[in-house]
Amino acid sequence: MNFSELIASSFEALKLNKVRTALAGLGIVIGIGAVIALVSLGQATQQSVQNSIEGLGANLITIIPGSQATAGGVQGGFGTSETLTLDDANAIASANFPSISQVSPELSRRAQVTAGKNNTNTSIIGVTPTYPAVHNVTMDSGTFITASDVASNREVAVLGPTVVSDLFGTGVDPTGQSIRINKIPFTVIGVTVSKGGTGFGNQDDTVFIPITTAQKTVFGVNYISDISLSASSSNDMTQAENDAGYLLLRLHKISNPQSADFSMVSQSDILSTASSVTGTFTALLAGIAAISLLVGGIGIMNIMLVTVIERTREIGLRKALGAKDNTVIQQFLIESIILTIGGGVVGMILGIILSYIISTAISLPFTISLTSIALAIGVSGGIGILFGWYPAKKAADLSPIEALRYE
Amino acid sequence: MDQISVSNVSKIYKTGDVDTTALDNVSFSVKKGEFVAIMGPSGSGKSTLMHILGALDTPTSGTYILDGEQVGKLSKDKLAEIRNRKIGFVFQAFNLLPRTTALKNVELPMTYAGVDKDERIKRAEELLKEVGLGDRMDHTSNQLSGGQMQRVAIARALSMNPAIILADEPTGNISSAQSDEIMHIFQNLQKQGHTIVMITHEPSVARWAERVIHIKDGKIEKEEGNGKGRKK
Ligand SMILES: Nc1ncnc2c1ncn2[C@@H]1O[C@H](COP(=O)(O)OP(=O)(O)OP(=O)(O)O)[C@@H](O)[C@H]1O
Ligand SMILES: [Mg+2]
């Protein structure tokens, strides 16, 4: 019996009991489908988080107030200390370090913003004209905050697209309109281009105002919440951290860097932390999916065992007519491999469709990795061999006459 | 030369505490090209003996020598090959592959022997015509009558043109006219040099054989020659 005939006869055997074949295959369909869908979802999440971190700005270093984690000490909450001032930022800027290309002091708070009858609670960021260069912000219409806006504490505001649609509706250009931030009237002078960020720090849901106005007029404080730096290049990141760090230590009259009253976070720090988190997340999803694949495999083994018992007489007859043990094993193995690979391919298609639907629904990038497809097919074939072997061997070990007598 | 030689063969079935002696110290031999009939009452051990001769079962004690080889010492693969090429077995219970056409059933031994597909189909069609089932080739086993199933089983036993044909009641479900046809086929095979061992209840069928072995309670009761067998 040659190979193509073996395959043909396996198909015939599977066709004889369509419902059972379909049910056995379903276990693998669900298992492989889950693996593909969940893994590609995990990867999409990873990709999206990475994109939004990179969207924060190139070679970004953020200086935040509060001490670095000290041994046994309590770490100051993010942005709660009041140790950074506009003078610090100006000092870094006027030092003209070759490693630092841009310095952007920022004061961010949440506040109620109203325009006519509409209102929204959003993040207000007091900025200087360097903000767009550091954070990759571009203007959709109008102009950004200028140096003279900052110098004269003007009540002008630049809106993110989400704020525009919340306050004025989509497609409306609000330039020249008036809004109120904490009841203080501001004139809208521009709108930023959407960055499409999701989740943490949605930069589209933001109102930008001059930092001086934010300090004096709106929030009544004299500190700032952070200083963002753009390093001249990715190679200058460490140098930039050192230059800015030691300058601030000197300004704050702190001799021991361990007791600094500020901390520095670079974009690459955030990126590596986030990608390790999302990597764990992906692995977790894959683990859950793998369990369902295992259950599917056991289902196949169960069905194949039932098949062997049900077909005992047939096996006995085949052996009586000259089928060798190996031929019998091959036949049952091929049946189970057809089942699992068939289920694997269907599951793969289903998984791809599923992950496409989900990623479109929650607007994540749609990614399908070839490795997960290759893995799915390989694994399902492997399951066929693994879980088909025992029933096949059991079938082959029967003595022909005992098998023929079986009832 | 003895093709089949059985000496002191016993078969004891253990069912629970009870031992059933199906064969009790049986010895006999069959020469190459001989046509032997085995007769005996129901339950006397005829089928049990046939299964041993067909390398489908092993005796509890005693030896079985087939073409000079002690069957008990052969590997499983070798036994499968013997069942496939050397022996054509007609089962008392037909044992056709369920839900499978008559043609596919007859093809089966040839499939395991690796005979090429076209040749298989050609040979299976020939054989089915020979046993009078030319118009039933595409019927599945459950669409055939008892007699038809039996004839498919005979065609299948002949498909590999085996040296030895072992037939367990090959005419049990067949009308006497058809049974004469089957006996003619067997007789022709014998003329071509095939060895035939056949179990039967009917003296009229046994008369076709050269020699009749009578079994009772698992023992050989008597052997008698039939002259040169019934000639045409
Ligand atoms: N697997 C088995 N387990 C236990 N006893 C068995 C088994 N097979 C056969 N026997 C017993 O062995 C004896 C011989 O059975 P066998 O089938 O050889 O009889 P037979 O001569 O072919 O009868 P028949 O003419 O009715 O076909 C019977 O008593 C039967 O009950
Ligand atoms: Mg019998």
# chains A, B, ... in the order shown; residues from 1 in each chain; ligands from 1
>>> interface_residues(of="chain B", to="chain A", cutoff="6 Å", atoms="only C-alpha atoms", output="VMD selection string")
chain B and resid 56 77 80 to 81 83 to 84 109 111 to 112 114
>>> residues_near_ligand(ligand="ligand 1", cutoff="7 Å", atoms="only C-alpha atoms and all ligand atoms", output="VMD selection string")
chain B and resid 13 to 15 20 to 22 40 to 49
>>> write_last_selection(atoms="N, CA and C atoms", output="PDB file, in the first residue's frame")
ATOM      1  N   TYR B  13      -8.920 -23.048  25.346  1.00  0.00           N
ATOM      2  CA  TYR B  13      -9.394 -21.691  25.647  1.00  0.00           C
ATOM      3  C   TYR B  13      -9.682 -21.590  27.128  1.00  0.00           C
ATOM      4  N   LYS B  14      -9.206 -20.543  27.738  1.00  0.00           N
ATOM      5  CA  LYS B  14      -9.525 -20.319  29.151  1.00  0.00           C
ATOM      6  C   LYS B  14     -10.587 -19.233  29.220  1.00  0.00           C
ATOM      7  N   THR B  15     -11.747 -19.607  29.695  1.00  0.00           N
ATOM      8  CA  THR B  15     -12.765 -18.581  29.926  1.00  0.00           C
ATOM      9  C   THR B  15     -13.151 -18.661  31.392  1.00  0.00           C
ATOM     10  N   THR B  20     -11.756 -24.768  27.971  1.00  0.00           N
ATOM     11  CA  THR B  20     -12.396 -25.459  26.863  1.00  0.00           C
ATOM     12  C   THR B  20     -11.307 -26.009  25.964  1.00  0.00           C
ATOM     13  N   THR B  21     -11.286 -27.338  25.820  1.00  0.00           N
ATOM     14  CA  THR B  21     -10.310 -27.924  24.899  1.00  0.00           C
ATOM     15  C   THR B  21     -10.941 -27.995  23.520  1.00  0.00           C
ATOM     16  N   ALA B  22     -10.550 -27.058  22.668  1.00  0.00           N
ATOM     17  CA  ALA B  22     -11.129 -27.002  21.324  1.00  0.00           C
ATOM     18  C   ALA B  22     -10.426 -27.978  20.399  1.00  0.00           C
ATOM     19  N   GLY B  40     -17.296 -32.495  10.580  1.00  0.00           N
ATOM     20  CA  GLY B  40     -17.469 -32.738  11.998  1.00  0.00           C
ATOM     21  C   GLY B  40     -18.631 -31.945  12.532  1.00  0.00           C
ATOM     22  N   PRO B  41     -19.156 -32.365  13.659  1.00  0.00           N
ATOM     23  CA  PRO B  41     -20.313 -31.649  14.215  1.00  0.00           C
ATOM     24  C   PRO B  41     -19.944 -30.251  14.687  1.00  0.00           C
ATOM     25  N   SER B  42     -20.963 -29.449  14.908  1.00  0.00           N
ATOM     26  CA  SER B  42     -20.756 -28.082  15.366  1.00  0.00           C
ATOM     27  C   SER B  42     -20.033 -28.078  16.706  1.00  0.00           C
ATOM     28  N   GLY B  43     -19.048 -27.205  16.824  1.00  0.00           N
ATOM     29  CA  GLY B  43     -18.308 -27.100  18.081  1.00  0.00           C
ATOM     30  C   GLY B  43     -17.191 -28.108  18.220  1.00  0.00           C
ATOM     31  N   SER B  44     -16.906 -28.846  17.148  1.00  0.00           N
ATOM     32  CA  SER B  44     -15.890 -29.891  17.256  1.00  0.00           C
ATOM     33  C   SER B  44     -14.469 -29.349  17.114  1.00  0.00           C
ATOM     34  N   GLY B  45     -14.326 -28.088  16.747  1.00  0.00           N
ATOM     35  CA  GLY B  45     -12.988 -27.498  16.676  1.00  0.00           C
ATOM     36  C   GLY B  45     -12.474 -27.255  15.272  1.00  0.00           C
ATOM     37  N   LYS B  46     -13.357 -27.355  14.283  1.00  0.00           N
ATOM     38  CA  LYS B  46     -12.930 -27.208  12.883  1.00  0.00           C
ATOM     39  C   LYS B  46     -12.385 -25.802  12.605  1.00  0.00           C
ATOM     40  N   SER B  47     -13.155 -24.790  13.015  1.00  0.00           N
ATOM     41  CA  SER B  47     -12.714 -23.413  12.745  1.00  0.00           C
ATOM     42  C   SER B  47     -11.428 -23.097  13.498  1.00  0.00           C
ATOM     43  N   THR B  48     -11.358 -23.597  14.738  1.00  0.00           N
ATOM     44  CA  THR B  48     -10.150 -23.378  15.531  1.00  0.00           C
ATOM     45  C   THR B  48      -8.928 -23.920  14.797  1.00  0.00           C
ATOM     46  N   LEU B  49      -9.067 -25.115  14.253  1.00  0.00           N
ATOM     47  CA  LEU B  49      -7.966 -25.728  13.508  1.00  0.00           C
ATOM     48  C   LEU B  49      -7.607 -24.880  12.284  1.00  0.00           C
TER      49      LEU B  49
END
>>> residues_around(residues="B:Arg123", least_positions_apart="3", cutoff="9 Å", atoms="only C-alpha atoms", output="list in words")
Val106, Glu107, Asp118, Glu119, Arg120, Glu126, Leu127, Leu128 and Ser159 of chain B
>>> residues_around(residues="A:Thr85", least_positions_apart="3", cutoff="12 Å", atoms="only C-alpha atoms", output="ChimeraX atom specification")
/A:63-65,81-82,88-92,104-107,211-212,215,221-227,248,251-252,262
>>> select_by_dssp(residues="stretch 104-174 of chain B", states="strand (DSSP E)", output="list in words")
Ile164, Ile165, Leu166, Ala167 and Asp168 of chain B
>>> atom_distance(atom1="atom CA of A:Gln239", atom2="atom CA of A:Ala133")
19.8 Å
>>> select_by_dssp(residues="stretch 142-222 of chain B", states="helix (DSSP H, G or I)", output="mmCIF file with all heavy atoms, in the first residue's frame")
data_model
loop_
_atom_site.group_PDB
_atom_site.id
_atom_site.type_symbol
_atom_site.label_atom_id
_atom_site.label_comp_id
_atom_site.auth_asym_id
_atom_site.auth_seq_id
_atom_site.Cartn_x
_atom_site.Cartn_y
_atom_site.Cartn_z
ATOM 1 N N ASN B 142 -23.001 -4.302 3.197
ATOM 2 C CA ASN B 142 -24.322 -4.391 3.824
ATOM 3 C C ASN B 142 -25.464 -4.399 2.813
ATOM 4 O O ASN B 142 -26.620 -4.554 3.167
ATOM 5 C CB ASN B 142 -24.512 -3.271 4.856
ATOM 6 C CG ASN B 142 -24.101 -1.924 4.313
ATOM 7 O OD1 ASN B 142 -23.035 -1.790 3.728
ATOM 8 N ND2 ASN B 142 -24.962 -0.938 4.474
ATOM 9 N N GLN B 143 -25.121 -4.219 1.523
ATOM 10 C CA GLN B 143 -26.161 -4.291 0.489
ATOM 11 C C GLN B 143 -26.147 -5.639 -0.224
ATOM 12 O O GLN B 143 -26.755 -5.784 -1.275
ATOM 13 C CB GLN B 143 -25.934 -3.173 -0.549
ATOM 14 C CG GLN B 143 -26.061 -1.780 0.047
ATOM 15 C CD GLN B 143 -25.521 -0.710 -0.878
ATOM 16 O OE1 GLN B 143 -24.715 -0.989 -1.767
ATOM 17 N NE2 GLN B 143 -25.955 0.517 -0.662
ATOM 18 N N GLY B 146 -26.421 -12.958 2.131
ATOM 19 C CA GLY B 146 -25.434 -13.838 2.769
ATOM 20 C C GLY B 146 -24.617 -14.593 1.733
ATOM 21 O O GLY B 146 -23.381 -14.648 1.806
ATOM 22 N N GLY B 147 -25.301 -15.163 0.750
ATOM 23 C CA GLY B 147 -24.611 -15.937 -0.278
ATOM 24 C C GLY B 147 -23.673 -15.061 -1.097
ATOM 25 O O GLY B 147 -22.564 -15.471 -1.458
ATOM 26 N N GLN B 148 -24.146 -13.832 -1.362
ATOM 27 C CA GLN B 148 -23.297 -12.922 -2.141
ATOM 28 C C GLN B 148 -22.048 -12.529 -1.352
ATOM 29 O O GLN B 148 -20.947 -12.472 -1.899
ATOM 30 C CB GLN B 148 -24.100 -11.676 -2.534
ATOM 31 C CG GLN B 148 -25.135 -11.979 -3.611
ATOM 32 C CD GLN B 148 -26.142 -10.856 -3.787
ATOM 33 O OE1 GLN B 148 -26.343 -10.040 -2.891
ATOM 34 N NE2 GLN B 148 -26.776 -10.830 -4.944
ATOM 35 N N MET B 149 -22.250 -12.282 -0.050
ATOM 36 C CA MET B 149 -21.100 -11.934 0.784
ATOM 37 C C MET B 149 -20.087 -13.077 0.776
ATOM 38 O O MET B 149 -18.886 -12.876 0.716
ATOM 39 C CB MET B 149 -21.543 -11.634 2.215
ATOM 40 C CG MET B 149 -22.232 -10.296 2.361
ATOM 41 S SD MET B 149 -22.295 -9.761 4.072
ATOM 42 C CE MET B 149 -23.801 -10.525 4.596
ATOM 43 N N GLN B 150 -20.628 -14.307 0.846
ATOM 44 C CA GLN B 150 -19.745 -15.460 0.875
ATOM 45 C C GLN B 150 -18.934 -15.552 -0.418
ATOM 46 O O GLN B 150 -17.746 -15.847 -0.389
ATOM 47 C CB GLN B 150 -20.572 -16.739 1.035
ATOM 48 C CG GLN B 150 -19.715 -17.938 1.334
ATOM 49 C CD GLN B 150 -20.472 -18.953 2.164
ATOM 50 O OE1 GLN B 150 -21.635 -19.230 1.907
ATOM 51 N NE2 GLN B 150 -19.826 -19.483 3.172
ATOM 52 N N ARG B 151 -19.578 -15.235 -1.531
ATOM 53 C CA ARG B 151 -18.871 -15.309 -2.802
ATOM 54 C C ARG B 151 -17.828 -14.193 -2.920
ATOM 55 O O ARG B 151 -16.754 -14.397 -3.476
ATOM 56 C CB ARG B 151 -19.865 -15.296 -3.964
ATOM 57 C CG ARG B 151 -20.482 -16.696 -4.148
ATOM 58 C CD ARG B 151 -21.471 -16.745 -5.262
ATOM 59 N NE ARG B 151 -22.750 -16.130 -4.863
ATOM 60 C CZ ARG B 151 -23.623 -15.648 -5.734
ATOM 61 N NH1 ARG B 151 -23.359 -15.672 -7.028
ATOM 62 N NH2 ARG B 151 -24.763 -15.142 -5.301
ATOM 63 N N VAL B 152 -18.131 -13.007 -2.340
ATOM 64 C CA VAL B 152 -17.122 -11.944 -2.311
ATOM 65 C C VAL B 152 -15.921 -12.425 -1.501
ATOM 66 O O VAL B 152 -14.763 -12.242 -1.895
ATOM 67 C CB VAL B 152 -17.690 -10.639 -1.703
ATOM 68 C CG1 VAL B 152 -16.571 -9.613 -1.538
ATOM 69 C CG2 VAL B 152 -18.805 -10.083 -2.572
ATOM 70 N N ALA B 153 -16.228 -13.104 -0.367
ATOM 71 C CA ALA B 153 -15.146 -13.595 0.492
ATOM 72 C C ALA B 153 -14.280 -14.603 -0.258
ATOM 73 O O ALA B 153 -13.057 -14.623 -0.103
ATOM 74 C CB ALA B 153 -15.725 -14.221 1.755
ATOM 75 N N ILE B 154 -14.920 -15.427 -1.094
ATOM 76 C CA ILE B 154 -14.148 -16.408 -1.871
ATOM 77 C C ILE B 154 -13.282 -15.697 -2.912
ATOM 78 O O ILE B 154 -12.089 -15.973 -3.045
ATOM 79 C CB ILE B 154 -15.105 -17.428 -2.547
ATOM 80 C CG1 ILE B 154 -15.744 -18.316 -1.472
ATOM 81 C CG2 ILE B 154 -14.342 -18.278 -3.557
ATOM 82 C CD1 ILE B 154 -16.915 -19.138 -1.968
ATOM 83 N N ALA B 155 -13.886 -14.731 -3.600
ATOM 84 C CA ALA B 155 -13.121 -13.970 -4.595
ATOM 85 C C ALA B 155 -11.922 -13.305 -3.936
ATOM 86 O O ALA B 155 -10.815 -13.281 -4.474
ATOM 87 C CB ALA B 155 -14.013 -12.921 -5.256
ATOM 88 N N ARG B 156 -12.139 -12.774 -2.731
ATOM 89 C CA ARG B 156 -11.046 -12.103 -2.030
ATOM 90 C C ARG B 156 -9.928 -13.092 -1.675
ATOM 91 O O ARG B 156 -8.745 -12.788 -1.804
ATOM 92 C CB ARG B 156 -11.580 -11.445 -0.753
ATOM 93 C CG ARG B 156 -10.527 -10.628 -0.029
ATOM 94 C CD ARG B 156 -11.081 -9.953 1.192
ATOM 95 N NE ARG B 156 -11.547 -10.937 2.166
ATOM 96 C CZ ARG B 156 -12.272 -10.633 3.247
ATOM 97 N NH1 ARG B 156 -12.606 -9.373 3.461
ATOM 98 N NH2 ARG B 156 -12.670 -11.564 4.071
ATOM 99 N N ALA B 157 -10.340 -14.315 -1.265
ATOM 100 C CA ALA B 157 -9.336 -15.313 -0.886
ATOM 101 C C ALA B 157 -8.483 -15.709 -2.091
ATOM 102 O O ALA B 157 -7.335 -16.098 -1.938
ATOM 103 C CB ALA B 157 -10.021 -16.536 -0.291
ATOM 104 N N LEU B 158 -9.069 -15.587 -3.288
ATOM 105 C CA LEU B 158 -8.334 -16.005 -4.487
ATOM 106 C C LEU B 158 -7.500 -14.887 -5.083
ATOM 107 O O LEU B 158 -6.703 -15.106 -5.990
ATOM 108 C CB LEU B 158 -9.331 -16.512 -5.551
ATOM 109 C CG LEU B 158 -10.233 -17.672 -5.131
ATOM 110 C CD1 LEU B 158 -11.121 -18.097 -6.299
ATOM 111 C CD2 LEU B 158 -9.399 -18.852 -4.646
ATOM 112 N N SER B 176 -27.305 -24.994 -4.098
ATOM 113 C CA SER B 176 -26.446 -26.106 -4.523
ATOM 114 C C SER B 176 -25.907 -25.880 -5.936
ATOM 115 O O SER B 176 -24.796 -26.300 -6.249
ATOM 116 C CB SER B 176 -27.199 -27.436 -4.426
ATOM 117 O OG SER B 176 -28.337 -27.398 -5.251
ATOM 118 N N ALA B 177 -26.690 -25.199 -6.801
ATOM 119 C CA ALA B 177 -26.189 -24.928 -8.151
ATOM 120 C C ALA B 177 -24.956 -24.041 -8.077
ATOM 121 O O ALA B 177 -23.924 -24.315 -8.695
ATOM 122 C CB ALA B 177 -27.275 -24.242 -8.979
ATOM 123 N N GLN B 178 -25.069 -22.954 -7.244
ATOM 124 C CA GLN B 178 -23.935 -22.043 -7.100
ATOM 125 C C GLN B 178 -22.774 -22.746 -6.415
ATOM 126 O O GLN B 178 -21.616 -22.515 -6.735
ATOM 127 C CB GLN B 178 -24.349 -20.818 -6.292
ATOM 128 C CG GLN B 178 -25.093 -19.811 -7.139
ATOM 129 C CD GLN B 178 -25.672 -18.700 -6.283
ATOM 130 O OE1 GLN B 178 -25.852 -18.860 -5.084
ATOM 131 N NE2 GLN B 178 -25.973 -17.587 -6.918
ATOM 132 N N SER B 179 -23.118 -23.607 -5.465
ATOM 133 C CA SER B 179 -22.051 -24.271 -4.737
ATOM 134 C C SER B 179 -21.269 -25.199 -5.663
ATOM 135 O O SER B 179 -20.060 -25.339 -5.534
ATOM 136 C CB SER B 179 -22.626 -24.976 -3.506
ATOM 137 O OG SER B 179 -22.557 -26.352 -3.624
ATOM 138 N N ASP B 180 -21.954 -25.779 -6.632
ATOM 139 C CA ASP B 180 -21.239 -26.578 -7.635
ATOM 140 C C ASP B 180 -20.265 -25.715 -8.423
ATOM 141 O O ASP B 180 -19.141 -26.129 -8.715
ATOM 142 C CB ASP B 180 -22.236 -27.240 -8.601
ATOM 143 C CG ASP B 180 -22.755 -28.576 -8.037
ATOM 144 O OD1 ASP B 180 -22.306 -28.940 -6.913
ATOM 145 O OD2 ASP B 180 -23.571 -29.226 -8.703
ATOM 146 N N GLU B 181 -20.708 -24.484 -8.737
ATOM 147 C CA GLU B 181 -19.810 -23.583 -9.471
ATOM 148 C C GLU B 181 -18.554 -23.282 -8.670
ATOM 149 O O GLU B 181 -17.444 -23.301 -9.199
ATOM 150 C CB GLU B 181 -20.523 -22.251 -9.776
ATOM 151 C CG GLU B 181 -21.320 -22.271 -11.069
ATOM 152 C CD GLU B 181 -22.153 -21.007 -11.220
ATOM 153 O OE1 GLU B 181 -21.617 -19.919 -10.906
ATOM 154 O OE2 GLU B 181 -23.327 -21.111 -11.613
ATOM 155 N N ILE B 182 -18.777 -23.007 -7.372
ATOM 156 C CA ILE B 182 -17.626 -22.718 -6.510
ATOM 157 C C ILE B 182 -16.688 -23.925 -6.472
ATOM 158 O O ILE B 182 -15.473 -23.803 -6.558
ATOM 159 C CB ILE B 182 -18.105 -22.381 -5.077
ATOM 160 C CG1 ILE B 182 -19.012 -21.150 -5.093
ATOM 161 C CG2 ILE B 182 -16.928 -22.174 -4.136
ATOM 162 C CD1 ILE B 182 -18.346 -19.862 -5.457
ATOM 163 N N MET B 183 -17.314 -25.109 -6.370
ATOM 164 C CA MET B 183 -16.483 -26.315 -6.310
ATOM 165 C C MET B 183 -15.710 -26.517 -7.605
ATOM 166 O O MET B 183 -14.577 -26.983 -7.595
ATOM 167 C CB MET B 183 -17.349 -27.550 -6.007
ATOM 168 C CG MET B 183 -17.804 -27.616 -4.555
ATOM 169 S SD MET B 183 -16.412 -27.514 -3.416
ATOM 170 C CE MET B 183 -16.706 -25.962 -2.681
ATOM 171 N N HIS B 184 -16.326 -26.127 -8.714
ATOM 172 C CA HIS B 184 -15.595 -26.187 -9.984
ATOM 173 C C HIS B 184 -14.383 -25.279 -9.963
ATOM 174 O O HIS B 184 -13.303 -25.650 -10.415
ATOM 175 C CB HIS B 184 -16.514 -25.786 -11.161
ATOM 176 C CG HIS B 184 -17.223 -26.956 -11.759
ATOM 177 N ND1 HIS B 184 -18.593 -27.060 -11.822
ATOM 178 C CD2 HIS B 184 -16.732 -28.099 -12.317
ATOM 179 C CE1 HIS B 184 -18.933 -28.199 -12.378
ATOM 180 N NE2 HIS B 184 -17.811 -28.867 -12.686
ATOM 181 N N ILE B 185 -14.594 -24.073 -9.397
ATOM 182 C CA ILE B 185 -13.466 -23.130 -9.295
ATOM 183 C C ILE B 185 -12.351 -23.759 -8.470
ATOM 184 O O ILE B 185 -11.183 -23.750 -8.853
ATOM 185 C CB ILE B 185 -13.931 -21.806 -8.657
ATOM 186 C CG1 ILE B 185 -14.928 -21.106 -9.573
ATOM 187 C CG2 ILE B 185 -12.734 -20.897 -8.384
ATOM 188 C CD1 ILE B 185 -15.569 -19.870 -8.950
ATOM 189 N N PHE B 186 -12.742 -24.354 -7.344
ATOM 190 C CA PHE B 186 -11.741 -24.968 -6.467
ATOM 191 C C PHE B 186 -11.014 -26.102 -7.181
ATOM 192 O O PHE B 186 -9.801 -26.260 -7.061
ATOM 193 C CB PHE B 186 -12.413 -25.500 -5.179
ATOM 194 C CG PHE B 186 -12.651 -24.429 -4.137
ATOM 195 C CD1 PHE B 186 -12.553 -23.080 -4.460
ATOM 196 C CD2 PHE B 186 -12.981 -24.764 -2.828
ATOM 197 C CE1 PHE B 186 -12.770 -22.102 -3.508
ATOM 198 C CE2 PHE B 186 -13.201 -23.789 -1.862
ATOM 199 C CZ PHE B 186 -13.104 -22.459 -2.205
ATOM 200 N N GLN B 187 -11.811 -26.869 -7.905
ATOM 201 C CA GLN B 187 -11.205 -28.005 -8.583
ATOM 202 C C GLN B 187 -10.207 -27.548 -9.647
ATOM 203 O O GLN B 187 -9.129 -28.117 -9.786
ATOM 204 C CB GLN B 187 -12.297 -28.864 -9.226
ATOM 205 C CG GLN B 187 -11.829 -30.272 -9.512
ATOM 206 C CD GLN B 187 -12.949 -31.116 -10.069
ATOM 207 O OE1 GLN B 187 -13.712 -30.661 -10.943
ATOM 208 N NE2 GLN B 187 -13.083 -32.328 -9.570
ATOM 209 N N ASN B 188 -10.576 -26.476 -10.362
ATOM 210 C CA ASN B 188 -9.644 -25.927 -11.348
ATOM 211 C C ASN B 188 -8.365 -25.445 -10.690
ATOM 212 O O ASN B 188 -7.273 -25.640 -11.221
ATOM 213 C CB ASN B 188 -10.291 -24.758 -12.101
ATOM 214 C CG ASN B 188 -11.174 -25.255 -13.232
ATOM 215 O OD1 ASN B 188 -10.926 -26.351 -13.767
ATOM 216 N ND2 ASN B 188 -12.175 -24.476 -13.583
ATOM 217 N N LEU B 189 -8.547 -24.790 -9.509
ATOM 218 C CA LEU B 189 -7.372 -24.304 -8.781
ATOM 219 C C LEU B 189 -6.477 -25.482 -8.403
ATOM 220 O O LEU B 189 -5.257 -25.413 -8.498
ATOM 221 C CB LEU B 189 -7.798 -23.547 -7.529
ATOM 222 C CG LEU B 189 -8.397 -22.168 -7.791
ATOM 223 C CD1 LEU B 189 -9.058 -21.633 -6.524
ATOM 224 C CD2 LEU B 189 -7.318 -21.199 -8.257
ATOM 225 N N GLN B 190 -7.138 -26.564 -7.975
ATOM 226 C CA GLN B 190 -6.356 -27.734 -7.585
ATOM 227 C C GLN B 190 -5.564 -28.266 -8.778
ATOM 228 O O GLN B 190 -4.399 -28.620 -8.655
ATOM 229 C CB GLN B 190 -7.280 -28.822 -7.042
ATOM 230 C CG GLN B 190 -6.505 -29.972 -6.416
ATOM 231 C CD GLN B 190 -7.269 -31.274 -6.452
ATOM 232 O OE1 GLN B 190 -8.427 -31.321 -6.887
ATOM 233 N NE2 GLN B 190 -6.629 -32.341 -6.003
ATOM 234 N N LYS B 191 -6.212 -28.262 -9.941
ATOM 235 C CA LYS B 191 -5.530 -28.733 -11.149
ATOM 236 C C LYS B 191 -4.308 -27.890 -11.446
ATOM 237 O O LYS B 191 -3.311 -28.376 -11.956
ATOM 238 C CB LYS B 191 -6.491 -28.668 -12.344
ATOM 239 C CG LYS B 191 -7.332 -29.926 -12.466
ATOM 240 C CD LYS B 191 -8.116 -29.887 -13.780
ATOM 241 C CE LYS B 191 -9.291 -30.830 -13.716
ATOM 242 N NZ LYS B 191 -10.421 -30.301 -14.509
ATOM 243 N N PRO B 203 -22.079 -33.678 2.923
ATOM 244 C CA PRO B 203 -21.353 -34.768 2.254
ATOM 245 C C PRO B 203 -21.252 -34.539 0.748
ATOM 246 O O PRO B 203 -20.240 -34.867 0.135
ATOM 247 C CB PRO B 203 -22.213 -36.002 2.555
ATOM 248 C CG PRO B 203 -23.001 -35.631 3.772
ATOM 249 C CD PRO B 203 -23.219 -34.157 3.698
ATOM 250 N N SER B 204 -22.280 -33.874 0.170
ATOM 251 C CA SER B 204 -22.254 -33.658 -1.275
ATOM 252 C C SER B 204 -21.114 -32.726 -1.680
ATOM 253 O O SER B 204 -20.566 -32.833 -2.769
ATOM 254 C CB SER B 204 -23.593 -33.083 -1.743
ATOM 255 O OG SER B 204 -23.769 -31.800 -1.186
ATOM 256 N N VAL B 205 -20.783 -31.803 -0.788
ATOM 257 C CA VAL B 205 -19.668 -30.900 -1.069
ATOM 258 C C VAL B 205 -18.345 -31.613 -0.783
ATOM 259 O O VAL B 205 -17.373 -31.477 -1.525
ATOM 260 C CB VAL B 205 -19.798 -29.602 -0.245
ATOM 261 C CG1 VAL B 205 -18.556 -28.738 -0.390
ATOM 262 C CG2 VAL B 205 -21.043 -28.832 -0.670
ATOM 263 N N ALA B 206 -18.356 -32.419 0.309
ATOM 264 C CA ALA B 206 -17.134 -33.120 0.705
ATOM 265 C C ALA B 206 -16.672 -34.083 -0.381
ATOM 266 O O ALA B 206 -15.485 -34.375 -0.507
ATOM 267 C CB ALA B 206 -17.351 -33.865 2.017
#
>>> atom_distance(atom1="atom CA of A:Pro98", atom2="atom CA of A:Pro129")
19.8 Å
>>> residues_around(residues="A:Ser4", least_positions_apart="4", cutoff="12 Å", atoms="only C-alpha atoms", output="ChimeraX atom specification")
/A:8-11,330-331,334 /B:111,117
>>> residues_around(residues="A:Gly381", least_positions_apart="5", cutoff="7 Å", atoms="only C-alpha atoms", output="list in words")
Ile337, Thr340 and Ile341 of chain A
>>> write_last_selection(atoms="all heavy atoms", output="tab-separated table (two decimals), in the first residue's frame")
chain	number	residue	atom	x	y	z
A	337	ILE	N	-3.16	12.64	12.02
A	337	ILE	CA	-2.44	13.82	11.54
A	337	ILE	C	-3.32	14.64	10.60
A	337	ILE	O	-3.33	15.87	10.65
A	337	ILE	CB	-1.12	13.41	10.85
A	337	ILE	CG1	-0.16	12.86	11.90
A	337	ILE	CG2	-0.48	14.59	10.14
A	337	ILE	CD1	1.10	12.27	11.34
A	340	THR	N	-5.54	16.62	12.80
A	340	THR	CA	-4.95	17.75	13.52
A	340	THR	C	-4.46	18.83	12.56
A	340	THR	O	-4.66	20.01	12.83
A	340	THR	CB	-3.77	17.30	14.40
A	340	THR	OG1	-2.88	16.51	13.63
A	340	THR	CG2	-4.26	16.50	15.57
A	341	ILE	N	-3.85	18.44	11.44
A	341	ILE	CA	-3.39	19.48	10.52
A	341	ILE	C	-4.57	20.18	9.88
A	341	ILE	O	-4.60	21.40	9.76
A	341	ILE	CB	-2.42	18.91	9.47
A	341	ILE	CG1	-1.14	18.48	10.17
A	341	ILE	CG2	-2.11	19.96	8.39
A	341	ILE	CD1	0.08	18.39	9.32
